[in-house]
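Novice: My structure is in run-v3.txt, and what it holds is compact mmCIF, C-alpha atoms:
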```txt
# COMPACT_ATOMS: atom_id res chain seq x y z
CA MET A 252 21.35 8.65 10.02
CA GLY A 253 18.49 10.13 8.04
CA GLU A 254 14.79 9.54 8.26
CA VAL A 255 12.52 7.74 5.81
CA ILE A 256 9.11 9.41 5.41
CA VAL A 257 6.24 7.92 3.45
CA VAL A 258 3.59 10.26 2.04
CA THR A 259 0.37 8.32 1.70
CA SER A 260 -3.41 8.75 1.67
CA GLY A 261 -5.38 5.75 0.52
CA LYS A 262 -7.62 7.75 -1.76
CA GLY A 263 -6.21 9.04 -5.03
CA GLY A 264 -6.11 12.67 -6.08
CA VAL A 265 -5.84 14.25 -2.64
CA GLY A 266 -2.36 15.66 -3.23
CA LYS A 267 0.24 13.05 -2.26
CA THR A 268 2.57 13.84 -5.13
CA THR A 269 2.17 17.61 -4.74
CA THR A 270 2.85 17.26 -1.03
CA THR A 271 5.91 15.09 -1.65
CA ALA A 272 7.32 17.56 -4.19
CA ASN A 273 6.75 20.56 -1.94
CA ILE A 274 8.07 18.97 1.22
CA GLY A 275 11.15 17.82 -0.64
CA THR A 276 11.68 21.30 -2.02
CA GLY A 277 11.06 22.90 1.37
CA LEU A 278 13.48 20.61 3.19
CA ALA A 279 16.12 21.27 0.53
CA LYS A 280 15.52 24.98 1.12
CA LEU A 281 16.35 24.31 4.76
CA ASN A 282 19.68 22.89 3.54
CA LYS A 283 18.75 19.27 4.09
CA LYS A 284 19.94 16.55 1.75
CA VAL A 285 16.79 14.98 0.38
CA VAL A 286 15.87 12.21 -2.04
CA LEU A 287 12.32 11.78 -3.32
CA ILE A 288 11.34 8.31 -4.48
CA ASP A 289 8.34 7.86 -6.74
CA THR A 290 7.00 4.43 -5.82
CA ASP A 291 4.00 4.70 -8.13
CA ILE A 292 5.40 2.25 -10.66
CA GLY A 293 3.45 2.33 -13.92
CA LEU A 294 1.85 5.70 -13.19
CA ARG A 295 4.77 7.99 -12.48
CA ASN A 296 4.02 11.64 -11.90
CA LEU A 297 6.46 13.06 -9.40
CA ASP A 298 8.89 13.74 -12.26
CA VAL A 299 6.48 16.09 -14.05
CA VAL A 300 5.44 17.85 -10.86
CA MET A 301 9.15 18.46 -10.15
CA GLY A 302 9.75 19.48 -13.79
CA LEU A 303 12.41 16.80 -14.24
CA GLU A 304 10.65 14.56 -16.77
CA ASN A 305 13.22 15.22 -19.51
CA ARG A 306 16.19 14.08 -17.48
CA ILE A 307 15.18 10.51 -16.71
CA VAL A 308 17.61 7.85 -17.82
CA TYR A 309 17.25 5.10 -15.21
CA ASN A 310 14.47 4.45 -12.71
CA LEU A 311 13.60 2.71 -9.47
CA VAL A 312 13.14 -0.71 -11.08
CA ASP A 313 16.55 -0.41 -12.80
CA VAL A 314 18.11 0.25 -9.40
CA ILE A 315 16.31 -2.67 -7.76
CA GLU A 316 17.17 -5.03 -10.60
CA GLY A 317 20.78 -3.91 -10.56
CA ASN A 318 20.80 -2.50 -14.11
CA CYS A 319 22.47 0.64 -12.80
CA LYS A 320 23.93 2.11 -9.64
CA VAL A 321 21.68 4.12 -7.32
CA LYS A 322 23.76 7.24 -8.04
CA GLN A 323 23.20 6.91 -11.80
CA ALA A 324 19.42 6.89 -11.41
CA MET A 325 19.29 9.94 -9.14
CA ILE A 326 18.21 13.12 -10.88
CA LYS A 327 19.41 16.36 -9.36
CA ASP A 328 16.77 19.08 -8.99
CA LYS A 329 16.82 22.11 -11.27
CA ARG A 330 17.04 24.62 -8.44
CA TYR A 331 18.38 22.87 -5.36
CA ASP A 332 21.70 21.04 -5.24
CA THR A 333 20.74 18.92 -2.26
CA LEU A 334 17.47 17.64 -3.74
CA PHE A 335 17.29 14.45 -5.80
CA LEU A 336 14.58 12.40 -7.48
CA LEU A 337 14.50 8.66 -8.04
CA PRO A 338 11.72 8.25 -10.62
CA ALA A 339 9.36 5.31 -10.97
CA ALA A 340 9.41 3.02 -14.00
CA GLN A 341 6.61 3.70 -16.41
CA THR A 342 6.52 0.41 -18.29
CA LYS A 343 6.54 -1.98 -15.34
CA ASP A 344 4.02 -2.65 -12.60
CA LYS A 345 3.95 -2.64 -8.81
CA THR A 346 5.02 -6.27 -8.53
CA SER A 347 8.40 -5.45 -10.08
CA VAL A 348 9.72 -4.69 -6.62
CA THR A 349 9.11 -6.24 -3.21
CA PRO A 350 8.75 -4.59 0.21
CA GLU A 351 12.02 -6.25 1.27
CA GLN A 352 13.88 -4.70 -1.65
CA MET A 353 12.38 -1.29 -0.91
CA LYS A 354 13.37 -1.51 2.73
CA GLU A 355 16.90 -2.41 1.76
CA LEU A 356 17.09 0.57 -0.60
CA ALA A 357 15.64 2.95 2.00
CA ASP A 358 18.07 1.73 4.65
CA GLU A 359 20.96 2.29 2.28
CA LEU A 360 19.83 5.77 1.22
CA LYS A 361 19.17 7.09 4.70
CA LYS A 362 22.84 6.61 5.53
CA GLU A 363 23.63 9.32 3.03
CA TYR A 364 20.54 11.56 2.97
CA ASP A 365 18.85 13.50 5.75
CA TYR A 366 15.42 12.63 4.38
CA VAL A 367 14.24 9.86 2.08
CA ILE A 368 10.67 10.65 1.04
CA MET A 369 8.49 7.98 -0.53
CA ASP A 370 5.60 9.11 -2.72
CA CYS A 371 3.09 6.32 -2.21
CA PRO A 372 0.56 5.26 -4.86
CA ALA A 373 -3.16 5.35 -4.08
CA GLY A 374 -4.66 2.14 -2.73
CA ILE A 375 -3.65 -0.39 -0.10
CA GLU A 376 -2.16 -3.10 -2.30
CA GLN A 377 1.40 -3.99 -3.24
CA GLY A 378 2.40 -0.42 -4.13
CA PHE A 379 1.40 0.76 -0.66
CA LYS A 380 3.24 -2.11 0.99
CA ASN A 381 6.36 -1.28 -1.01
CA ALA A 382 6.22 2.40 -0.10
CA ILE A 383 5.81 1.90 3.65
CA ALA A 384 8.31 -0.97 3.97
CA GLY A 385 11.27 1.10 5.08
CA ALA A 386 9.43 4.08 6.55
CA ASP A 387 10.30 5.55 9.94
CA ARG A 388 7.35 7.90 9.87
CA ALA A 389 4.32 8.68 7.75
CA LEU A 390 2.51 11.73 6.52
CA VAL A 391 -1.11 10.93 5.76
CA VAL A 392 -2.63 13.39 3.31
CA THR A 393 -6.37 13.95 3.27
CA THR A 394 -8.86 16.55 2.12
CA PRO A 395 -11.81 17.58 4.28
CA GLU A 396 -14.19 15.25 2.43
CA VAL A 397 -15.92 12.13 3.72
CA SER A 398 -14.38 9.82 1.13
CA ALA A 399 -10.80 11.00 1.72
CA VAL A 400 -11.14 10.99 5.51
CA ARG A 401 -12.60 7.51 5.50
CA ASP A 402 -9.69 6.20 3.43
CA ALA A 403 -7.22 8.07 5.63
CA ASP A 404 -8.65 6.24 8.64
CA ARG A 405 -8.07 2.91 6.94
CA ILE A 406 -4.50 3.90 6.06
CA ILE A 407 -3.79 5.03 9.63
CA GLY A 408 -4.97 1.62 10.84
CA LEU A 409 -2.72 -0.15 8.36
CA LEU A 410 0.28 2.01 9.31
CA GLU A 411 -0.31 1.14 12.96
CA ALA A 412 -0.56 -2.54 12.09
CA ASN A 413 2.79 -2.23 10.30
CA LEU A 414 4.31 -0.65 13.41
CA ILE A 415 4.89 2.80 11.93
CA GLU A 416 4.26 4.79 15.06
CA LYS A 417 5.02 8.33 13.99
CA THR A 418 2.04 9.23 11.86
CA HIS A 419 0.97 12.80 11.16
CA LEU A 420 -1.89 14.25 9.20
CA VAL A 421 -1.80 16.85 6.42
CA VAL A 422 -5.20 18.38 5.71
CA ASN A 423 -4.99 19.50 2.12
CA ARG A 424 -7.15 21.73 -0.04
CA LEU A 425 -9.01 23.36 2.81
CA ARG A 426 -11.33 26.22 1.88
CA PRO A 427 -11.62 28.57 4.86
CA ASP A 428 -14.63 30.36 3.35
CA MET A 429 -16.55 27.08 3.11
CA VAL A 430 -15.52 26.05 6.63
CA LYS A 431 -16.86 29.37 7.91
CA ARG A 432 -20.16 28.76 6.16
CA GLY A 433 -20.39 25.31 7.71
CA ASP A 434 -20.12 23.58 4.35
CA MET A 435 -16.73 21.99 4.86
CA MET A 436 -15.21 20.13 7.78
CA SER A 437 -12.46 22.07 9.51
CA ALA A 438 -9.00 20.66 10.19
CA ASP A 439 -10.08 20.27 13.82
CA ASP A 440 -13.13 18.26 12.75
CA VAL A 441 -10.89 15.95 10.74
CA ILE A 442 -8.32 15.34 13.49
CA ASP A 443 -11.17 14.86 15.94
CA ILE A 444 -12.47 11.99 13.81
CA LEU A 445 -9.11 10.45 12.94
CA ALA A 446 -7.40 10.93 16.31
CA VAL A 447 -3.93 11.62 14.94
CA ASP A 448 -1.66 14.62 15.30
CA LEU A 449 -1.87 17.37 12.74
CA ILE A 450 1.33 18.50 11.02
CA GLY A 451 -0.12 21.01 8.58
CA VAL A 452 -3.13 22.52 6.90
CA VAL A 453 -2.72 23.48 3.25
CA PRO A 454 -5.37 25.79 1.80
CA ASP A 455 -6.89 25.23 -1.61
CA ASP A 456 -4.74 27.57 -3.66
CA GLU A 457 -4.67 28.29 -7.38
CA SER A 458 -0.93 28.84 -7.22
CA ILE A 459 -0.54 25.06 -6.76
CA VAL A 460 -2.00 24.53 -10.23
CA VAL A 461 0.31 27.19 -11.66
CA ALA A 462 3.32 25.68 -9.91
CA THR A 463 2.48 22.23 -11.25
CA ASN A 464 2.01 23.69 -14.75
CA ASN A 465 5.51 25.11 -14.51
CA GLY A 466 7.05 22.08 -12.83
CA GLU A 467 8.34 24.18 -9.96
CA PRO A 468 7.05 23.29 -6.48
CA LEU A 469 6.14 26.44 -4.57
CA ALA A 470 7.19 25.56 -1.02
CA GLY A 471 8.55 28.65 0.66
CA ASP A 472 7.20 31.28 -1.74
CA ASN A 473 4.67 33.96 -0.84
CA SER A 474 1.54 32.00 -1.63
CA LEU A 475 -0.49 30.68 1.28
CA ALA A 476 0.05 27.11 0.15
CA GLY A 477 3.78 27.77 -0.21
CA GLN A 478 3.94 29.03 3.35
CA ALA A 479 1.84 26.16 4.62
CA TYR A 480 4.20 23.61 3.04
CA MET A 481 7.23 25.42 4.42
CA ASN A 482 5.71 25.29 7.88
CA ILE A 483 5.25 21.54 7.53
CA CYS A 484 8.96 21.27 6.70
CA HIS A 485 9.90 23.24 9.81
CA ARG A 486 7.76 20.88 11.87
CA ILE A 487 9.35 17.83 10.24
CA ILE A 488 12.80 18.96 11.34
CA GLY A 489 11.44 19.40 14.84
CA GLU A 490 10.76 23.12 15.06
CA ASN A 491 7.65 24.47 16.69
CA VAL A 492 5.81 26.83 14.35
CA PRO A 493 2.31 28.17 14.82
CA PHE A 494 -0.38 27.20 12.34
CA LEU A 495 -1.15 29.68 9.58
CA ASP A 496 -4.16 31.91 9.96
CA LEU A 497 -6.19 30.81 6.97
CA ASP A 498 -8.91 33.37 7.35
CA SER A 499 -10.41 33.79 3.90
CA LYS A 500 -10.06 37.56 3.65
CA LYS A 501 -6.46 37.54 4.67
CA GLY A 502 -5.94 34.60 2.38
CA LEU A 503 -7.15 36.49 -0.64
CA ILE A 504 -5.04 39.54 0.10
CA SER A 505 -1.84 37.67 0.69
CA THR A 506 -2.49 35.54 -2.39
CA LEU A 507 -2.82 38.72 -4.40
CA ALA A 508 0.29 40.13 -2.78
CA GLY A 509 2.09 36.96 -3.78
CA VAL A 510 1.04 37.36 -7.38
CA PHE A 511 2.23 40.97 -7.56
CA LYS A 512 5.53 40.21 -5.90
CA LYS A 513 6.21 37.50 -8.44
CA LYS A 514 5.89 39.91 -11.35
CA MET B 293 -37.57 14.62 12.59
CA LYS B 294 -38.06 17.00 15.45
CA LEU B 295 -39.65 20.39 15.02
CA SER B 296 -36.48 22.08 16.27
CA ASP B 297 -34.53 20.43 13.45
CA ILE B 298 -36.45 22.42 10.89
CA PHE B 299 -35.44 25.69 12.44
CA LYS B 300 -31.95 24.64 13.37
CA ARG B 301 -30.79 23.03 10.16
CA LYS B 302 -27.60 21.06 10.54
CA SER B 303 -24.76 22.41 8.44
CA SER B 304 -23.47 20.05 5.78
CA SER B 305 -20.12 19.79 7.56
CA ASP B 306 -21.91 18.50 10.67
CA VAL B 307 -23.75 15.98 8.52
CA ALA B 308 -20.41 14.90 7.06
CA LYS B 309 -18.91 14.49 10.53
CA ASP B 310 -21.81 12.43 11.82
CA ARG B 311 -21.87 10.18 8.78
CA LEU B 312 -18.13 9.65 8.96
CA LYS B 313 -18.22 8.75 12.65
CA LEU B 314 -20.85 6.12 11.97
CA VAL B 315 -19.19 4.60 8.93
CA LEU B 316 -15.81 4.47 10.69
CA VAL B 317 -17.19 2.41 13.56
CA SER B 318 -18.01 -0.43 11.21
CA ASP B 319 -14.87 0.13 9.09
CA ARG B 320 -12.66 -0.07 12.14
CA SER B 321 -14.26 -3.23 13.43
CA SER B 322 -13.23 -4.90 10.16
CA CYS B 323 -16.19 -7.17 10.58
CA SER B 324 -18.86 -7.41 7.93
CA PRO B 325 -22.56 -7.43 8.89
CA GLU B 326 -22.83 -11.03 7.63
CA ILE B 327 -20.10 -12.19 9.98
CA MET B 328 -21.69 -10.29 12.86
CA GLU B 329 -24.96 -12.05 12.11
CA ARG B 330 -23.24 -15.43 12.17
CA ILE B 331 -21.50 -14.65 15.46
CA LYS B 332 -24.85 -13.61 16.89
CA ASN B 333 -26.57 -16.79 15.78
CA ASP B 334 -23.77 -18.94 17.15
CA ILE B 335 -23.91 -17.19 20.50
CA ILE B 336 -27.67 -17.77 20.67
CA GLU B 337 -27.24 -21.40 19.75
CA VAL B 338 -24.64 -22.03 22.44
CA LEU B 339 -26.45 -20.13 25.17
CA SER B 340 -29.77 -21.75 24.35
CA LYS B 341 -28.38 -25.04 25.60
CA TYR B 342 -28.37 -23.59 29.08
CA VAL B 343 -30.81 -20.67 29.26
CA GLU B 344 -33.69 -19.21 27.33
CA VAL B 345 -32.40 -16.23 25.40
CA ASP B 346 -34.49 -13.36 24.09
CA ALA B 347 -33.14 -13.50 20.56
CA SER B 348 -34.95 -10.38 19.42
CA GLY B 349 -33.46 -8.27 22.20
CA LEU B 350 -29.93 -9.48 21.66
CA ASP B 351 -27.47 -6.79 20.72
CA ILE B 352 -23.86 -7.39 19.80
CA LYS B 353 -21.37 -5.03 18.28
CA ILE B 354 -17.67 -4.49 17.96
CA THR B 355 -16.36 -1.33 19.59
CA GLN B 356 -12.98 0.17 20.33
CA MET B 357 -11.61 -0.19 23.82
CA ASP B 358 -8.48 1.26 25.40
CA THR B 359 -5.93 -1.34 26.31
CA GLU B 360 -5.40 -1.92 29.99
CA ASN B 361 -1.63 -1.70 29.95
CA GLY B 362 -1.76 2.06 29.76
CA SER B 363 -0.73 2.60 26.14
CA ASP B 364 -3.02 4.89 24.20
CA LYS B 365 -3.68 2.30 21.50
CA SER B 366 -7.21 1.00 21.37
CA VAL B 367 -8.17 -2.56 20.55
CA PRO B 368 -11.43 -3.93 19.19
CA ALA B 369 -13.74 -5.44 21.79
CA LEU B 370 -16.90 -7.47 21.43
CA TYR B 371 -19.80 -5.97 23.28
CA ALA B 372 -22.83 -8.17 23.84
CA ASN B 373 -26.09 -7.48 25.60
CA ILE B 374 -28.03 -10.71 25.91
CA PRO B 375 -31.37 -10.63 27.73
CA ILE B 376 -32.23 -13.92 29.37
CA LYS B 377 -35.90 -14.83 29.48
CA ASN B 378 -35.65 -17.80 31.74
CA MET B 379 -32.93 -19.77 33.46
CA HIS B 380 -33.74 -23.42 33.16
CA HIS B 381 -31.96 -24.69 36.23
CA GLY B 382 -30.75 -28.19 36.02
CA ALA B 383 -31.28 -28.34 32.31
CA GLU B 384 -29.79 -31.41 30.86
CA ILE B 385 -26.86 -30.95 28.61
CA LYS B 386 -27.50 -32.67 25.36
```
Could you rewrite the structure in this file as structure tokens?
Specialist:
Amino acid sequence: MGEVIVVTSGKGGVGKTTTTANIGTGLAKLNKKVVLIDTDIGLRNLDVVMGLENRIVYNLVDVIEGNCKVKQAMIKDKRYDTLFLLPAAQTKDKTSVTPEQMKELADELKKEYDYVIMDCPAGIEQGFKNAIAGADRALVVTTPEVSAVRDADRIIGLLEANLIEKTHLVVNRLRPDMVKRGDMMSADDVIDILAVDLIGVVPDDESIVVATNNGEPLAGDNSLAGQAYMNICHRIIGENVPFLDLDSKKGLISTLAGVFKKK
Amino acid sequence: MKLSDIFKRKSSSDVAKDRLKLVLVSDRSSCSPEIMERIKNDIIEVLSKYVEVDASGLDIKITQMDTENGSDKSVPALYANIPIKNMHHGAEIK
């Protein structure tokens, strides 16, 4: 029996979709069978981040409404045979599906897949309720900013209220140089405030932008962000890996090394 | 502002932390200031039937408290500090 993970944040633009794409890619790299579900109906984006936007025939709402079989709507990843995407509908809205329907779908999919990962829309309304309905665990993504941390706190409260007990925090877009200067909260500061367990710290990394431009998630490559995402995947499958040393100097050098290796 | 504050300027990340901690206390209580005010007034009204309450010194707030059954979940708790000016013994209940 697989596990259903919801990637959520409350605030928009903190990196839910990027995190979903990279964790899916990383878990597939670890030979897990993974399906990513874009639950952001009306504002789908996971397809472009994955580079699969040209292959969409059916979507989540088609599956729920019974217009097609689940298998028909699944899009296989370009690079990994065990990675699939179930895209959101673009012309419908969040009320097209109910939490009960989403739970039913998640329960069905986790029989066949090791991981079912829900990319949750921003906000705490219907879309959020749909995304968390069938979840066994949650990854809360935040950046080290007051607005994102505040929303993360609200989300953690709502997850608790919905009896999702395994909740972990991803601190995204951290800038070690700014933390050193005292101009950005550290990951420790954030977990101190939110009182949840940390599962990964992802540095602010230009290679994320490049990877999104190309539609190829970078989990597992030489970039710092790629390594950070891969480490999160190892922790998801239960391995104990030390946290990356995000010291700014080292960061710059290994980022450069990553660029040269690529070429 | 203390003199020492001028020399030891707080870093902006410390400011962020402090502000967040404060805002989260009221967020987590899920209780708006208006409702708190109404609770406060009702408490004063009820207690005033029996004792003389110092309304200006009354302080109520909602905080987080660990549950007693040992789980690490915390629950909201109402904290009230109500100074009593005078007990009117034998006051008639209206």
Novice: Have a look at CA of Gly293 (chain A) and CA of Leu311 (chain A) and let me know their distance in Å, one decimal.
Specialist: 11.1 Å
Novice: Name the residues, using the chain letters and numbers of the file, that sit within 9 Å of (-10.0, -0.4, 9.6) when counting all atoms listed in the file, and give them as a PyMOL selection string.
Specialist: (chain A and resi 404-409) or (chain B and resi 316-322)
Novice: Export C-alpha atoms of the chosen residues as an mmCIF file, keeping the file's coordinate frame?
Specialist:
```
data_model
loop_
_atom_site.group_PDB
_atom_site.id
_atom_site.type_symbol
_atom_site.label_atom_id
_atom_site.label_comp_id
_atom_site.auth_asym_id
_atom_site.auth_seq_id
_atom_site.Cartn_x
_atom_site.Cartn_y
_atom_site.Cartn_z
ATOM 1 C CA ASP A 404 -8.650 6.240 8.640
ATOM 2 C CA ARG A 405 -8.070 2.910 6.940
ATOM 3 C CA ILE A 406 -4.500 3.900 6.060
ATOM 4 C CA ILE A 407 -3.790 5.030 9.630
ATOM 5 C CA GLY A 408 -4.970 1.620 10.840
ATOM 6 C CA LEU A 409 -2.720 -0.150 8.360
ATOM 7 C CA LEU B 316 -15.810 4.470 10.690
ATOM 8 C CA VAL B 317 -17.190 2.410 13.560
ATOM 9 C CA SER B 318 -18.010 -0.430 11.210
ATOM 10 C CA ASP B 319 -14.870 0.130 9.090
ATOM 11 C CA ARG B 320 -12.660 -0.070 12.140
ATOM 12 C CA SER B 321 -14.260 -3.230 13.430
ATOM 13 C CA SER B 322 -13.230 -4.900 10.160
#
```
Novice: Here is a test: counting all atoms listed in the file, which residue of B:Asp306, B:Glu344, B:Glu360, B:Glu337 is nearest to chain A?
Specialist: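 Of B:Asp306, B:Glu344, B:Glu360, B:Glu337, the one nearest chain A is B:Asp306, counting all atoms listed in the file.
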Novice: Would you please work out which residue, of B:Ala308, B:Leu314, B:Met379, B:Ala372, is nearest to Leu350 (chain B) when using all atoms listed in the file?
Specialist: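 Ranked by minimum distance to Leu350 (chain B), first place goes to B:Ala372.
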Novice: Would you mind listing, as a short mmCIF file (atom, residue, chain, number, x, y, z; two decimals) with C-alpha atoms, in the coordinates of the input, all residues of chain B that have at least one atom within 7 Å of chain A, where all atoms listed in the file are what counts?
Specialist:
```cif
data_model
loop_
_atom_site.label_atom_id
_atom_site.label_comp_id
_atom_site.auth_asym_id
_atom_site.auth_seq_id
_atom_site.Cartn_x
_atom_site.Cartn_y
_atom_site.Cartn_z
CA SER B 303 -24.76 22.41 8.44
CA SER B 304 -23.47 20.05 5.78
CA SER B 305 -20.12 19.79 7.56
CA ALA B 308 -20.41 14.90 7.06
CA LEU B 312 -18.13 9.65 8.96
CA LYS B 313 -18.22 8.75 12.65
CA LEU B 316 -15.81 4.47 10.69
#
```
Novice: Have a look at A:Lys354, A:Lys262, A:Lys345, A:Lys361 and name the one nearest to Leu287 (chain A); count all atoms listed in the file.
Specialist: A:Lys361
Novice: With a distance cut-off of 12 Å and only C-alpha atoms, select the neighbouring residues of Ile331 (chain B), excluding the residue or stretch itself and same-chain residues fewer than 6 positions from it, and output the selection as a ChimeraX atom specification.
Specialist: /B:323-325,337-338,350-354,370-372
Novice: I need the residues from that last selection saved to file as a PDB file, in the frame of the given file (with C-alpha atoms), if you can.
Specialist:
```
ATOM      1  CA  CYS B 323     -16.190  -7.170  10.580  1.00  0.00           C
ATOM      2  CA  SER B 324     -18.860  -7.410   7.930  1.00  0.00           C
ATOM      3  CA  PRO B 325     -22.560  -7.430   8.890  1.00  0.00           C
ATOM      4  CA  GLU B 337     -27.240 -21.400  19.750  1.00  0.00           C
ATOM      5  CA  VAL B 338     -24.640 -22.030  22.440  1.00  0.00           C
ATOM      6  CA  LEU B 350     -29.930  -9.480  21.660  1.00  0.00           C
ATOM      7  CA  ASP B 351     -27.470  -6.790  20.720  1.00  0.00           C
ATOM      8  CA  ILE B 352     -23.860  -7.390  19.800  1.00  0.00           C
ATOM      9  CA  LYS B 353     -21.370  -5.030  18.280  1.00  0.00           C
ATOM     10  CA  ILE B 354     -17.670  -4.490  17.960  1.00  0.00           C
ATOM     11  CA  LEU B 370     -16.900  -7.470  21.430  1.00  0.00           C
ATOM     12  CA  TYR B 371     -19.800  -5.970  23.280  1.00  0.00           C
ATOM     13  CA  ALA B 372     -22.830  -8.170  23.840  1.00  0.00           C
TER      14      ALA B 372
END
```
Novice: Between A:Val265, A:Leu336, A:Met301, A:Met252, which one has atoms that come closest to Thr394 (chain A), using only C-alpha atoms?
Specialist: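 Of all the options, A:Val265 lies closest to Thr394 (chain A).
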Novice: List the neighbours of Asp313 (chain A) out to 12 Å using all atoms listed in the file; skip same-chain residues closer than 2 positions along the sequence, and give me the result as a PyMOL selection string.
Specialist: chain A and resi 292+307-311+315-325+337-343+347-348
Novice: Quick check, in Å to one decimal: how far apart do CA of Pro350 (chain A) and CA of Asn423 (chain A) lie?
Specialist: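 According to the coordinates, CA of Pro350 (chain A) and CA of Asn423 (chain A) are separated by 27.8 Å.
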Novice: Just to confirm, what's the straight-line distance from CA of Thr268 (chain A) to CA of Asp370 (chain A) in Å (one decimal)?
Specialist: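 Between CA of Thr268 (chain A) and CA of Asp370 (chain A) the gap works out to 6.1 Å.
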Novice: Any chance you could work out the axis-aligned box around region 338-347 of chain A, listed atoms only, 8 Å on each side, giving centre and edge lengths in Å to one decimal, as lines of an AutoDock Vina configuration file?
Specialist:
```
center_x = 7.8
center_y = 1.0
center_z = -13.4
size_x = 23.8
size_y = 30.5
size_z = 25.8
```
Novice: Name the residues in contact with region 333-336 of chain B at a cut-off of 7 Å, using all atoms listed in the file, excluding same-chain residues fewer than 3 positions from it; report them as a list in words.
Specialist: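 Here the qualifying residues turn out to be Glu329, Arg330, Leu339, Ser340, Val345 and Ala347 of chain B.
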Novice: Given the choices A:Thr346, A:Thr463, A:Asn413, A:Thr259, which gets closest to Ala384 (chain A) if the distance is worked out from only C-alpha atoms?
Specialist: A:Asn413
Novice: List as a list in words the protein and nucleic acid residues near Pro493 (chain A), meaning an atom at most 12 Å away when all atoms listed in the file are counted, but skip any in the same chain fewer than 2 places from it.
Specialist: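 Neighbouring residues, sequence-local ones excluded: Leu449, Ile450, Gly451, Val452, Gln478, Ala479, Met481, Asn482, Ile483, His485, Arg486, Glu490, Asn491, Leu495, Asp496 and Leu497 of chain A.
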